[in-house]
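Chemist: Encoded as structure tokens, here's the structure I'll be asking about.
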Amino acid sequence: MTTVVVFPFDLFGSAGTSAGAKLLGDAVREILDDTERETRPCRADVLRGNVKVKELAFDTMPQVADWRKCGRQVAKQVLKAGEFLLWLGGNHLSALPALEELGSETLVVQFDAHLDVYAFHDTTTELSHGNFLKHFDAPRPRLVNVGHRDLFLTEKEIGETFDVVYPAWRVASDGVRVADELREKARSAKRVWIDLDCDALDPSAMPAVAEPLPFGLSSSVFLALLEAVWVGNVAGMSITEFDPGRDEREAGLNLLGWLVEYVLLKASERG
Ligand SMILES: [Mn+2]
């Protein structure tokens, strides 16, 4: 069983990404409707009766005030039931409630152009989408970054939060070894979570993000690394930072629509 949680939260950064969460939620419903209507046997048959969609709203003050607690409750329920959790979030911060429910024995493989532990001289120490990895209420899961292009943080600072990071230049020059290492880490972890901030991808493949950085992962390299991580006991995946207002000819929507269907199939076929 898979539960898709649409979590359109985009306060404290990347306003506009809540629309992305909702759009991907619509894409999931369209996939399920199409499957329902199909009369010939098809691969998507595994989705029949096996995917639930739960959409939250943050339109009122009480809903906004409760965002983190309510997010944690929803994530906890799904994980506890042993269901696959696909978290379609707004900004990257919106993944925090799900990550907080994973516990210290889960390995989070985070695809992100940024290492969200920033404390610039001019940024707030309050929780934001740029520093939320420093703000866990619960024991933090183990974090591995793939695809960052950060040129600011020192190794020491990075090491305080991340087990290991595979920057984009490492993936570009030695992608096969990075895939091997990720496969090994995923295989030996008790539980794995995949966290995609869409800006991990190269802007040519994914223009629909608020903070694009060049030299990102190509979509095929991302797919190869996703495959490597999938050998592990993957409990779920979060997809965030998709801003349809910045999309170009729906390139981002097409990529993510395909990816969501691929993930739903893989999760369902696993049984
Ligand atoms: Mn990012």
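Every chain in the structure tokens has a letter given in the order shown (A, B, ...), and although residue numbers restart at 1 in each chain, ligands are simply numbered from 1 in the order shown.
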Residues within 7 Å of ligand 1 (only C-alpha atoms and all ligand atoms), as JSON, numbers by chain?
Modeler: {"A": [112, 113, 114, 197, 199, 200]}
Chemist: List every residue of range 85-198 of chain A that DSSP, applied to the backbone, labels as strand (DSSP E or B), and write the result as number ranges by chain.
Modeler: A: 85-89, 106-111, 142-146, 164-166, 191-197
Chemist: Applying 12 Å and only C-alpha atoms, which residues near Glu157 in chain A remain after dropping the ones on its own chain fewer than 5 positions away? List them as a VMD selection string.
Modeler: chain A and resid 115 to 119 134 152 162 to 165
Chemist: Let's have the selection written as a PDB file, in the first residue's frame, with N, CA and C atoms.
Modeler:
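The resulting again24.pdb:
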ATOM      1  N   LEU A 115      23.133  22.577   0.699  1.00  0.00           N
ATOM      2  CA  LEU A 115      23.216  21.859   1.969  1.00  0.00           C
ATOM      3  C   LEU A 115      22.479  22.753   2.960  1.00  0.00           C
ATOM      4  N   ASP A 116      21.280  22.340   3.361  1.00  0.00           N
ATOM      5  CA  ASP A 116      20.409  23.281   4.066  1.00  0.00           C
ATOM      6  C   ASP A 116      20.788  23.465   5.531  1.00  0.00           C
ATOM      7  N   VAL A 117      22.011  23.909   5.732  1.00  0.00           N
ATOM      8  CA  VAL A 117      22.503  24.158   7.091  1.00  0.00           C
ATOM      9  C   VAL A 117      23.117  25.559   7.147  1.00  0.00           C
ATOM     10  N   TYR A 118      22.581  26.466   6.323  1.00  0.00           N
ATOM     11  CA  TYR A 118      23.223  27.753   6.160  1.00  0.00           C
ATOM     12  C   TYR A 118      22.998  28.690   7.335  1.00  0.00           C
ATOM     13  N   ALA A 119      24.056  29.396   7.702  1.00  0.00           N
ATOM     14  CA  ALA A 119      23.977  30.437   8.717  1.00  0.00           C
ATOM     15  C   ALA A 119      24.859  31.579   8.236  1.00  0.00           C
ATOM     16  N   LYS A 134      19.159  21.982  10.656  1.00  0.00           N
ATOM     17  CA  LYS A 134      19.663  22.289  12.001  1.00  0.00           C
ATOM     18  C   LYS A 134      18.546  22.342  13.034  1.00  0.00           C
ATOM     19  N   PHE A 152      30.420  27.410  -0.335  1.00  0.00           N
ATOM     20  CA  PHE A 152      30.539  28.301   0.809  1.00  0.00           C
ATOM     21  C   PHE A 152      30.969  27.584   2.086  1.00  0.00           C
ATOM     22  N   PHE A 162      26.141  16.088   7.952  1.00  0.00           N
ATOM     23  CA  PHE A 162      26.067  15.016   6.958  1.00  0.00           C
ATOM     24  C   PHE A 162      27.080  13.907   7.230  1.00  0.00           C
ATOM     25  N   ASP A 163      26.638  12.661   7.074  1.00  0.00           N
ATOM     26  CA  ASP A 163      27.557  11.513   7.120  1.00  0.00           C
ATOM     27  C   ASP A 163      28.592  11.658   6.019  1.00  0.00           C
ATOM     28  N   VAL A 164      28.079  11.958   4.841  1.00  0.00           N
ATOM     29  CA  VAL A 164      28.939  12.102   3.677  1.00  0.00           C
ATOM     30  C   VAL A 164      28.183  12.922   2.635  1.00  0.00           C
ATOM     31  N   VAL A 165      28.924  13.647   1.807  1.00  0.00           N
ATOM     32  CA  VAL A 165      28.285  14.371   0.705  1.00  0.00           C
ATOM     33  C   VAL A 165      28.981  14.003  -0.606  1.00  0.00           C
TER      34      VAL A 165
END
Chemist: As a PyMOL selection string, please: every residue in range 170-243 of chain A that a backbone DSSP assignment puts in helix (DSSP H, G or I).
Modeler: chain A and resi 170-188+198-200+219-229
Chemist: Could you dump the residues just selected with N, CA and C atoms as a CSV table (one decimal), in the first residue's frame?
Modeler:
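Result file follows (result-v3.csv):
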chain,number,residue,atom,x,y,z
A,170,ARG,N,31.9,15.6,-8.0
A,170,ARG,CA,32.2,14.2,-7.8
A,170,ARG,C,31.4,13.2,-8.6
A,171,VAL,N,30.1,13.5,-8.7
A,171,VAL,CA,29.2,12.7,-9.5
A,171,VAL,C,29.6,12.8,-10.9
A,172,ALA,N,29.9,14.0,-11.4
A,172,ALA,CA,30.3,14.2,-12.8
A,172,ALA,C,31.5,13.4,-13.2
A,173,SER,N,32.5,13.4,-12.2
A,173,SER,CA,33.8,12.8,-12.6
A,173,SER,C,33.8,11.3,-12.3
A,174,ASP,N,33.0,10.8,-11.4
A,174,ASP,CA,33.1,9.4,-10.9
A,174,ASP,C,31.7,8.9,-10.5
A,175,GLY,N,30.7,9.0,-11.4
A,175,GLY,CA,29.4,8.7,-11.1
A,175,GLY,C,29.2,7.2,-10.8
A,176,VAL,N,29.9,6.3,-11.5
A,176,VAL,CA,29.8,4.9,-11.2
A,176,VAL,C,30.2,4.5,-9.8
A,177,ARG,N,31.3,5.1,-9.3
A,177,ARG,CA,31.7,4.8,-8.0
A,177,ARG,C,30.7,5.4,-6.9
A,178,VAL,N,30.2,6.6,-7.2
A,178,VAL,CA,29.2,7.2,-6.3
A,178,VAL,C,28.0,6.3,-6.3
A,179,ALA,N,27.5,5.8,-7.4
A,179,ALA,CA,26.4,4.8,-7.4
A,179,ALA,C,26.7,3.6,-6.6
A,180,ASP,N,27.9,3.1,-6.7
A,180,ASP,CA,28.3,1.9,-6.0
A,180,ASP,C,28.2,2.1,-4.5
A,181,GLU,N,28.8,3.3,-4.1
A,181,GLU,CA,28.8,3.6,-2.7
A,181,GLU,C,27.4,3.8,-2.1
A,182,LEU,N,26.6,4.5,-2.9
A,182,LEU,CA,25.2,4.7,-2.4
A,182,LEU,C,24.4,3.4,-2.3
A,183,ARG,N,24.7,2.5,-3.3
A,183,ARG,CA,24.0,1.2,-3.2
A,183,ARG,C,24.4,0.4,-2.0
A,184,GLU,N,25.7,0.5,-1.6
A,184,GLU,CA,26.2,-0.2,-0.5
A,184,GLU,C,25.6,0.4,0.8
A,185,LYS,N,25.6,1.7,0.9
A,185,LYS,CA,25.0,2.4,2.1
A,185,LYS,C,23.5,2.1,2.2
A,186,ALA,N,22.8,2.1,1.1
A,186,ALA,CA,21.4,1.8,1.1
A,186,ALA,C,21.1,0.4,1.6
A,187,ARG,N,21.9,-0.5,1.0
A,187,ARG,CA,21.7,-1.9,1.3
A,187,ARG,C,21.9,-2.2,2.8
A,188,SER,N,22.9,-1.5,3.4
A,188,SER,CA,23.2,-1.9,4.8
A,188,SER,C,22.4,-1.0,5.8
A,198,CYS,N,14.1,19.6,-6.0
A,198,CYS,CA,14.2,19.6,-7.4
A,198,CYS,C,15.4,20.3,-8.0
A,199,ASP,N,15.9,21.3,-7.2
A,199,ASP,CA,17.1,22.0,-7.7
A,199,ASP,C,18.4,21.2,-7.7
A,200,ALA,N,18.3,19.9,-7.3
A,200,ALA,CA,19.4,19.0,-7.4
A,200,ALA,C,19.7,18.8,-8.9
A,219,SER,N,19.0,14.4,-15.8
A,219,SER,CA,17.9,13.5,-15.4
A,219,SER,C,18.3,12.0,-15.5
A,220,SER,N,19.2,11.7,-16.4
A,220,SER,CA,19.6,10.2,-16.5
A,220,SER,C,20.5,9.8,-15.4
A,221,VAL,N,21.4,10.7,-15.0
A,221,VAL,CA,22.3,10.4,-13.9
A,221,VAL,C,21.5,10.3,-12.6
A,222,PHE,N,20.5,11.2,-12.4
A,222,PHE,CA,19.7,11.2,-11.3
A,222,PHE,C,19.0,9.8,-11.2
A,223,LEU,N,18.5,9.4,-12.4
A,223,LEU,CA,17.7,8.1,-12.4
A,223,LEU,C,18.6,6.9,-12.0
A,224,ALA,N,19.9,7.0,-12.5
A,224,ALA,CA,20.8,5.9,-12.2
A,224,ALA,C,21.1,5.9,-10.7
A,225,LEU,N,21.2,7.0,-10.1
A,225,LEU,CA,21.5,7.1,-8.6
A,225,LEU,C,20.3,6.7,-7.8
A,226,LEU,N,19.1,7.0,-8.3
A,226,LEU,CA,17.9,6.6,-7.7
A,226,LEU,C,17.8,5.1,-7.7
A,227,GLU,N,18.1,4.5,-8.8
A,227,GLU,CA,18.1,3.0,-8.9
A,227,GLU,C,19.0,2.4,-7.9
A,228,ALA,N,20.2,3.0,-7.8
A,228,ALA,CA,21.2,2.5,-6.9
A,228,ALA,C,20.6,2.5,-5.4
A,229,VAL,N,20.0,3.6,-5.1
A,229,VAL,CA,19.5,3.7,-3.7
A,229,VAL,C,18.3,2.8,-3.5
Chemist: For CA of Arg140 in chain A and CA of Val74 in chain A, determine how far apart the two atoms are, in Å to one decimal place.
Modeler: 18.2 Å
Chemist: Go through A:Leu259, A:Leu79, A:Ile194, A:Leu253 and flag the residue nearest Val209 in chain A, using only C-alpha atoms for the distances.
Modeler: A:Leu253
Chemist: Can you tell me how far CA of Leu133 in chain A sits from CA of Asp195 in chain A, in Å to one decimal?
Modeler: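 Computing it gives 12.4 Å between the two atoms.
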Chemist: For range 53-58 of chain A, find every residue with an atom within 7 Å (counting only C-alpha atoms), except residues of its own chain fewer than 3 positions away, and show them as a short mmCIF file (atom, residue, chain, number, x, y, z; two decimals) with C-alpha atoms, in the first residue's frame.
Modeler:
data_model
loop_
_atom_site.label_atom_id
_atom_site.label_comp_id
_atom_site.auth_asym_id
_atom_site.auth_seq_id
_atom_site.Cartn_x
_atom_site.Cartn_y
_atom_site.Cartn_z
CA THR A 3 -0.07 6.75 0.68
CA VAL A 4 0.59 9.94 -1.25
CA VAL A 5 0.57 12.98 1.01
CA VAL A 6 0.12 16.30 -0.74
CA PHE A 7 1.63 18.85 1.62
CA PRO A 8 1.43 22.30 -0.02
CA PHE A 9 3.38 24.26 2.57
CA GLN A 63 -3.88 25.12 9.62
CA VAL A 64 -0.68 27.13 9.21
#
Chemist: Can you tell me which residues surround Asn233 in chain A at a distance of at most 10 Å, considering only C-alpha atoms, apart from same-chain residues fewer than 6 positions away, and format the answer as a list of chain:residue names?
Modeler: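 Listing them by chain and then by number gives A:Thr106, A:Leu107, A:Ala186, A:Arg187, A:Ser188, A:Ala189, A:Lys190, A:Arg191, A:Val192, A:Trp193.
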Chemist: Would you write out those residues with C-alpha atoms, as a PDB file, in the first residue's frame?
Modeler:
ATOM      1  CA  THR A 106      17.064   5.761   8.874  1.00  0.00           C
ATOM      2  CA  LEU A 107      19.401   6.815   6.095  1.00  0.00           C
ATOM      3  CA  ALA A 186      21.352   1.839   1.130  1.00  0.00           C
ATOM      4  CA  ARG A 187      21.699  -1.925   1.346  1.00  0.00           C
ATOM      5  CA  SER A 188      23.209  -1.861   4.816  1.00  0.00           C
ATOM      6  CA  ALA A 189      20.816   0.759   6.237  1.00  0.00           C
ATOM      7  CA  LYS A 190      17.885  -0.420   8.301  1.00  0.00           C
ATOM      8  CA  ARG A 191      15.593   1.945   6.444  1.00  0.00           C
ATOM      9  CA  VAL A 192      16.073   4.432   3.621  1.00  0.00           C
ATOM     10  CA  TRP A 193      14.299   7.652   2.671  1.00  0.00           C
TER      11      TRP A 193
END
Chemist: Between CA of Phe111 in chain A and CA of Val146 in chain A, what is the distance in Å, rounded to a tenth?
Modeler: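 Going from CA of Phe111 in chain A over to CA of Val146 in chain A covers 4.8 Å.
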Chemist: Using only C-alpha atoms, which of the listed residues (A:Leu24, A:Ala267, A:Leu217, A:Leu143) sits closest to Asn254 in chain A?
Modeler: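 Closest to Asn254 in chain A, using only C-alpha atoms: A:Leu24.
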Chemist: Using only C-alpha atoms, which residue out of A:Cys42, A:Ala138, A:Val260, A:Lys52 lies closest to Met237 in chain A?
Modeler: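 Nearest to Met237 in chain A: A:Val260.
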Chemist: Can you list, as a list in words, every protein, DNA or RNA residue that comes within 10 Å of Glu248 in chain A when you count only C-alpha atoms, leaving out same-chain residues fewer than 3 positions away?
Modeler: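 Listed by chain and then number, they are Ser204, Ala205, Met206, Pro207, Ala208, Pro244, Gly245, Ala251, Gly252 and Leu253 of chain A.
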